[in-house]
Amino acid sequence: MTKNLRYIATDNPETELWRIISKYSYPSNIEKYFNENDIILEDEKVVDFISGSILQAESYFRMAKTSELYIKPLLVYYGVSNLLAGTSSLLTGSFLAVKNHGMNLIPPTDLQEGIISSQVKIVDPGSGGFTKFHNILVTGETPPHGITIGLNEVLGSIPDLKFEFENCYQAEKSNVIPVEIVKLNDRTIERIYYEGISRVGSKEKVFNNIEHFKDNYLPPQFLEDKIVLNRKMNFNDIGIYSIHGRKYLQLSIQKKSTKIKMNSLFNMYLALYALGYLSRYNPHIWNPFVQKDLTGEKLVIEKFMDIAIRHVPNLVLNIIEGEEIKFMAQTDAITDLRNSTLDKSITKLVEEQVKKILHSEGRGGK
Amino acid sequence: MTIQSSVYNLTKEILNSESKPIVKTTINEIESFPELKIGKKIDSKIHRNQSARQAKLQFYGYLLANYKRKEIGKKFGREIPSLSEEHKEILINICKDMIYLNQKCINHLPGNLIHHPVLNLYTEFEDILSISKNYKPVYLNEQAIDEISLKFKKHDSLSLIGKIQAREYKELNKIEVDRLKYTMQDFENRIIRAGVNHYPKDFETLIEDFRKRSALTPIKYIFSLIGLKATLNNINQLIYQAFLKESLPLYNEDSIINYSKHSHFIGEGYVLKAIPGDLQGEVGELVHILLTNEEEVKPQLGRVEKFERSNSQDFGSVTDLSIRMLDKNMNQYHGLLKGVERKL
């Protein structure tokens with residue numbers, strides 16, 4: 001279901017974002033949230049748990065912001081884990097029986113292949129944090145279980161990282177397609193330029209790998225330099241959005257016979273776990289990478305850390321507030337031509353007006 | 001069973017018949033052109049075929065255009081070739097079959113009314129297309145034709161005409177056939193000009209005026225004949241499309257971008273925007289519409305009244321259509337009769 005959009009104009013999105021999240025570190029606000037959302041409080045201590053988790057999360061994020069890459073991924077991962085735990089309790093009014101991360105890291109075996117060759121196996125759906133948090137925070141999607149996902153697949157699915165990812169990893173496929181939304185007088189179309197799809201897959205087949213594409217879009221029209229998508233009448237937005245509001249279509253990750261569409265929040269959570277635990281338990285891999293990377297991969301990881309610090313709390317806040325909250329001056333990537341004075345539109349408008357004068361109108365309606 | 005379902009039965013037979021490939025091949029051969037080479041003149045058959053299609057008279061249009069080829073040729077400054085004898089013979093046979101079907105339906109109009117010819121959609125070449133009393137259809141199934149005729153007898157318009165007192169026939173017969181034909185055409189043109197989402201304002205005023213003068217019968221009569229003529233034209237069109245295509249163009253949630261539904265004095269219709277498909281339905285063609293959110297379970301039959309395709313390298317291609325929906329009598333103007341009845 002499409003959420004309400006709320007724009008918050010600010011010059012400092014992160015400060016503003018945490019100001020709103022911090023609201024839920026106050027017991028009175030937590031109780032108010034429970035009352036407004038008909039959530040039954042299981043135990044009084046849950047309020048303290050939520051408050052403490054959010055305060056700790058904010059501290060981890062603040063520290064991560066100024067720390068070096070040696071420990072930054074781990075700090076952000078801890079921060080996100082605290083935030084997800086606190087939010088899960090805020091949404092349920094109860095403690096969550098989380099015993100472990102629910103993820104196992106498989107570090108790169110050959111350092112030549114880079115950090116990107118790290119893998120994460122999703123395990124323990126009964127008490128693992130990944131699955132437990134996913135079950136509460138993501139509605140309508142089943143968390144993946146028992147599969148091993150590569151860091152390449154995860155980082156290739158992050159809209160804001162697309163440019164750096166494709167630039168650094170020439171052999172890797174990207175999993176996101178940038179989309180331009182064009183609002184016309186009589187319909188809204190979405191356009192995809194061929195250069196945005198070149199590293200994703202063949203233009204004829206790529207849409208087969210986008211979950212629910214056929215339920216929401218009419219067959220694509222392939223033009224000279226772009227693809228035009230018309231929305232179906234009962235369109236539901238299946239896109240994911242960058243921090244600045246550009247829409248992307250996300251490809252599913254193919255695992256043998258199954259296709260997995262990673263949720264944006266948990267996609268980044270998984271990447272943070274991989275990088276955090278790579279740095280924590282594999283310093284022999286991580287430290288040389290931070291000190292002596294010659295491939296430019298470090299730039300990708302640094303960019304990802306910046307994205308995660310900015311975007312993850314925003315995605316969590318959206319869940320708490322039940323809205324799509326954008327911290328920005330104005331959106332990009334939406335071209336609104338509804339009020340433009342195209343000749344044809346004027347002619348049509350005049351024709352309609354003349355008809356209204358000359359003829360009676362029937363009972364119209366969708 | 002309704003008129004529509006009886007015609008569907010006939011078209012189902014056509015789709016599986018041995019005559020379908022014969023008729024379809026004939027039209028394909030008539031329409032085919034040798035590949036044009038640079039410097040070579042355009043095949044002048046194109047003007048004849050365009051005229052045939054524009055006539056919107058199904059197979060009969062090809063015979064008519066062939067008959068008038070000299071006139072057409074003069075207009076375009078070209079010598080237009082005649083149809084081959086073989087093609088002509090097949091066209092004559094299928095046209096005779098359709099005339100036979102039409103006549104069987106038209107004969108249900110009371111015999112002491114003089115206006116049977118206004119319902120005859122194929123009026124020329126009576127010499128070559130005359131039907132003998134013992135005529136046996138060549139390509140169409142006779143039993144299916146009888147079934148359609150039987151259902152046509154129960155057409156709402158014929159029922160309304162049946163309610164007219166026989167003593168009023170004398171007055172109605174004072175309207176000359178040509179005059180009536182012109183009036184019916186004028187009414188229909190005004191309906192089409194108003195578009196699917198509107199209707200001519202003066203129709204209601206007209207009915208009101210006649211009602212005040214207690215002289216509604218001629219209006220009822222004319223509207224009934226318009227409905228009967230529309231039905232016959234749609235029957236012919238459905239048969240024509242069954243011979244040439246495998247299915248009707250379908251507009252549903254897999255092709256429609258947006259639509260508005262309209263219901264008024266004339267009937268119902270849709271104004272819709274869709275993406276172009278392989279089968280899309282041009283003006284005068286019949287199409288199916290299936291909108292599941294309208295709680296329809298079966299495709300509804302409609303007639304394309306407006307078709308516009310726009311292509312853009314910026315925004316893609318779309319077609320804008322106005323479609324008037326047919327009722328069970330295959331009449332898109334069914335609201336007219338109800339409108340007159342309401343005023344009575």
# chains A, B, ... in the order shown; residues from 1 in each chain; ligands from 1

call {"tool": "interface_residues", "arguments": {"of": "chain B", "to": "chain A", "cutoff": "9 Å", "atoms": "only C-alpha atoms", "output": "PyMOL selection string"}}
result
chain B and resi 194-202+253-265+268+273+275+312-317

call {"tool": "write_last_selection", "arguments": {"atoms": "C-alpha atoms", "output": "CSV table (one decimal), in the first residue's frame"}}
result
chain,number,residue,atom,x,y,z
B,194,ALA,CA,-21.8,14.4,-29.5
B,195,GLY,CA,-19.4,11.6,-28.6
B,196,VAL,CA,-19.8,8.7,-26.2
B,197,ASN,CA,-19.6,10.9,-23.1
B,198,HIS,CA,-22.3,13.3,-24.3
B,199,TYR,CA,-25.6,13.3,-26.1
B,200,PRO,CA,-27.3,15.9,-28.3
B,201,LYS,CA,-29.2,18.3,-26.1
B,202,ASP,CA,-32.0,18.9,-28.5
B,253,GLU,CA,-6.6,-4.3,-17.3
B,254,ASP,CA,-3.7,-5.6,-19.3
B,255,SER,CA,-4.1,-2.9,-22.0
B,256,ILE,CA,-6.2,0.0,-20.4
B,257,ILE,CA,-4.3,2.9,-18.8
B,258,ASN,CA,-7.4,4.7,-17.7
B,259,TYR,CA,-11.0,5.0,-18.6
B,260,SER,CA,-14.3,6.7,-17.8
B,261,LYS,CA,-17.7,5.1,-18.1
B,262,HIS,CA,-20.6,7.1,-19.3
B,263,SER,CA,-24.3,6.3,-19.2
B,264,HIS,CA,-27.0,8.7,-20.6
B,265,PHE,CA,-29.9,9.2,-22.9
B,268,GLU,CA,-23.6,3.4,-22.3
B,273,LYS,CA,-6.8,5.3,-23.1
B,275,ILE,CA,-1.5,0.9,-25.0
B,312,SER,CA,5.9,10.0,-29.2
B,313,GLN,CA,9.5,9.3,-28.7
B,314,ASP,CA,9.2,11.1,-25.3
B,315,PHE,CA,6.0,9.6,-23.9
B,316,GLY,CA,5.5,6.3,-25.9
B,317,SER,CA,2.4,5.3,-27.9

call {"tool": "residues_around", "arguments": {"residues": "segment 21-28 of chain A", "least_positions_apart": "6", "cutoff": "9 Å", "atoms": "only C-alpha atoms", "output": "JSON, numbers by chain"}}
result
{"A": [47, 48, 50, 51, 52, 53, 54, 55, 58, 90, 313, 314, 316, 317, 320]}

call {"tool": "write_last_selection", "arguments": {"atoms": "C-alpha atoms", "output": "PDB file, in the first residue's frame"}}
result
ATOM      1  CA  VAL A  47       9.170   1.121  27.981  1.00  0.00           C
ATOM      2  CA  ASP A  48      12.660   1.342  29.476  1.00  0.00           C
ATOM      3  CA  ILE A  50      12.630   0.972  24.037  1.00  0.00           C
ATOM      4  CA  SER A  51      13.925   4.186  25.536  1.00  0.00           C
ATOM      5  CA  GLY A  52      17.374   2.669  26.216  1.00  0.00           C
ATOM      6  CA  SER A  53      17.615   1.067  22.781  1.00  0.00           C
ATOM      7  CA  ILE A  54      16.885   4.320  21.006  1.00  0.00           C
ATOM      8  CA  LEU A  55      19.306   6.323  23.121  1.00  0.00           C
ATOM      9  CA  GLU A  58      21.655   7.396  18.592  1.00  0.00           C
ATOM     10  CA  LEU A  90       7.565  -0.107  20.246  1.00  0.00           C
ATOM     11  CA  PRO A 313      17.162   5.608  10.585  1.00  0.00           C
ATOM     12  CA  ASN A 314      14.910   7.305   8.023  1.00  0.00           C
ATOM     13  CA  VAL A 316      12.900   2.965  10.518  1.00  0.00           C
ATOM     14  CA  LEU A 317      11.219   6.297  11.245  1.00  0.00           C
ATOM     15  CA  ILE A 320       7.201   4.027  13.221  1.00  0.00           C
TER      16      ILE A 320
END

call {"tool": "residues_around", "arguments": {"residues": "segment 243-248 of chain A", "least_positions_apart": "6", "cutoff": "12 Å", "atoms": "only C-alpha atoms", "output": "JSON, numbers by chain"}}
result
{"A": [5, 6, 7, 13, 14, 157, 158, 159, 160, 161, 162, 174, 175, 176, 177, 178, 179, 180, 181, 182, 190, 191, 192, 193, 196, 197, 210, 237, 264, 306, 307, 308, 309, 310, 311, 312, 313, 314, 315, 324, 325, 326, 327, 328, 329, 330, 331, 332, 333, 334, 335]}

call {"tool": "atom_distance", "arguments": {"atom1": "atom CA of Lys104 of chain B", "atom2": "atom CA of Glu282 of chain B"}}
result
28.6 Å

call {"tool": "residues_around", "arguments": {"residues": "segment 114-116 of chain B", "least_positions_apart": "4", "cutoff": "8 Å", "atoms": "only C-alpha atoms", "output": "list in words"}}
result
Ile106, Asn107, Leu109, Asn120, Asn173 and Val177 of chain B

call {"tool": "write_last_selection", "arguments": {"atoms": "N, CA and C atoms", "output": "compact mmCIF listing (two decimals), in the first residue's frame"}}
result
# COMPACT_ATOMS: atom_id res chain seq x y z
N ILE B 106 -35.21 -8.39 -41.46
CA ILE B 106 -36.01 -7.21 -41.85
C ILE B 106 -37.47 -7.61 -42.08
N ASN B 107 -37.68 -8.83 -42.55
CA ASN B 107 -39.05 -9.28 -42.85
C ASN B 107 -39.95 -9.33 -41.62
N LEU B 109 -40.45 -6.83 -39.79
CA LEU B 109 -41.11 -5.54 -39.73
C LEU B 109 -42.50 -5.72 -40.36
N ASN B 120 -32.16 -1.87 -45.05
CA ASN B 120 -31.27 -2.60 -45.96
C ASN B 120 -29.95 -1.85 -46.08
N ASN B 173 -46.66 5.83 -43.05
CA ASN B 173 -46.32 5.55 -44.46
C ASN B 173 -46.28 6.80 -45.31
N VAL B 177 -39.55 6.94 -48.01
CA VAL B 177 -38.42 6.10 -47.61
C VAL B 177 -37.11 6.90 -47.59

call {"tool": "atom_distance", "arguments": {"atom1": "atom CA of Tyr273 of chain A", "atom2": "atom CA of Thr295 of chain A"}}
result
22.5 Å

call {"tool": "residues_around", "arguments": {"residues": "segment 246-248 of chain B", "least_positions_apart": "5", "cutoff": "9 Å", "atoms": "only C-alpha atoms", "output": "PyMOL selection string"}}
result
chain B and resi 15+238+241+279-281+285-288

call {"tool": "closest_residue", "arguments": {"among": "A:Glu141, A:Glu297, A:Glu195, A:Glu164", "to": "Glu113 of chain A", "atoms": "only C-alpha atoms"}}
result
A:Glu297

call {"tool": "atom_distance", "arguments": {"atom1": "atom CA of Tyr135 of chain B", "atom2": "atom CA of Ile99 of chain B"}}
result
10.7 Å

call {"tool": "closest_residue", "arguments": {"among": "A:Thr15, A:Thr92, A:Thr142, A:Ser279", "to": "Leu105 of chain A", "atoms": "only C-alpha atoms"}}
result
A:Ser279
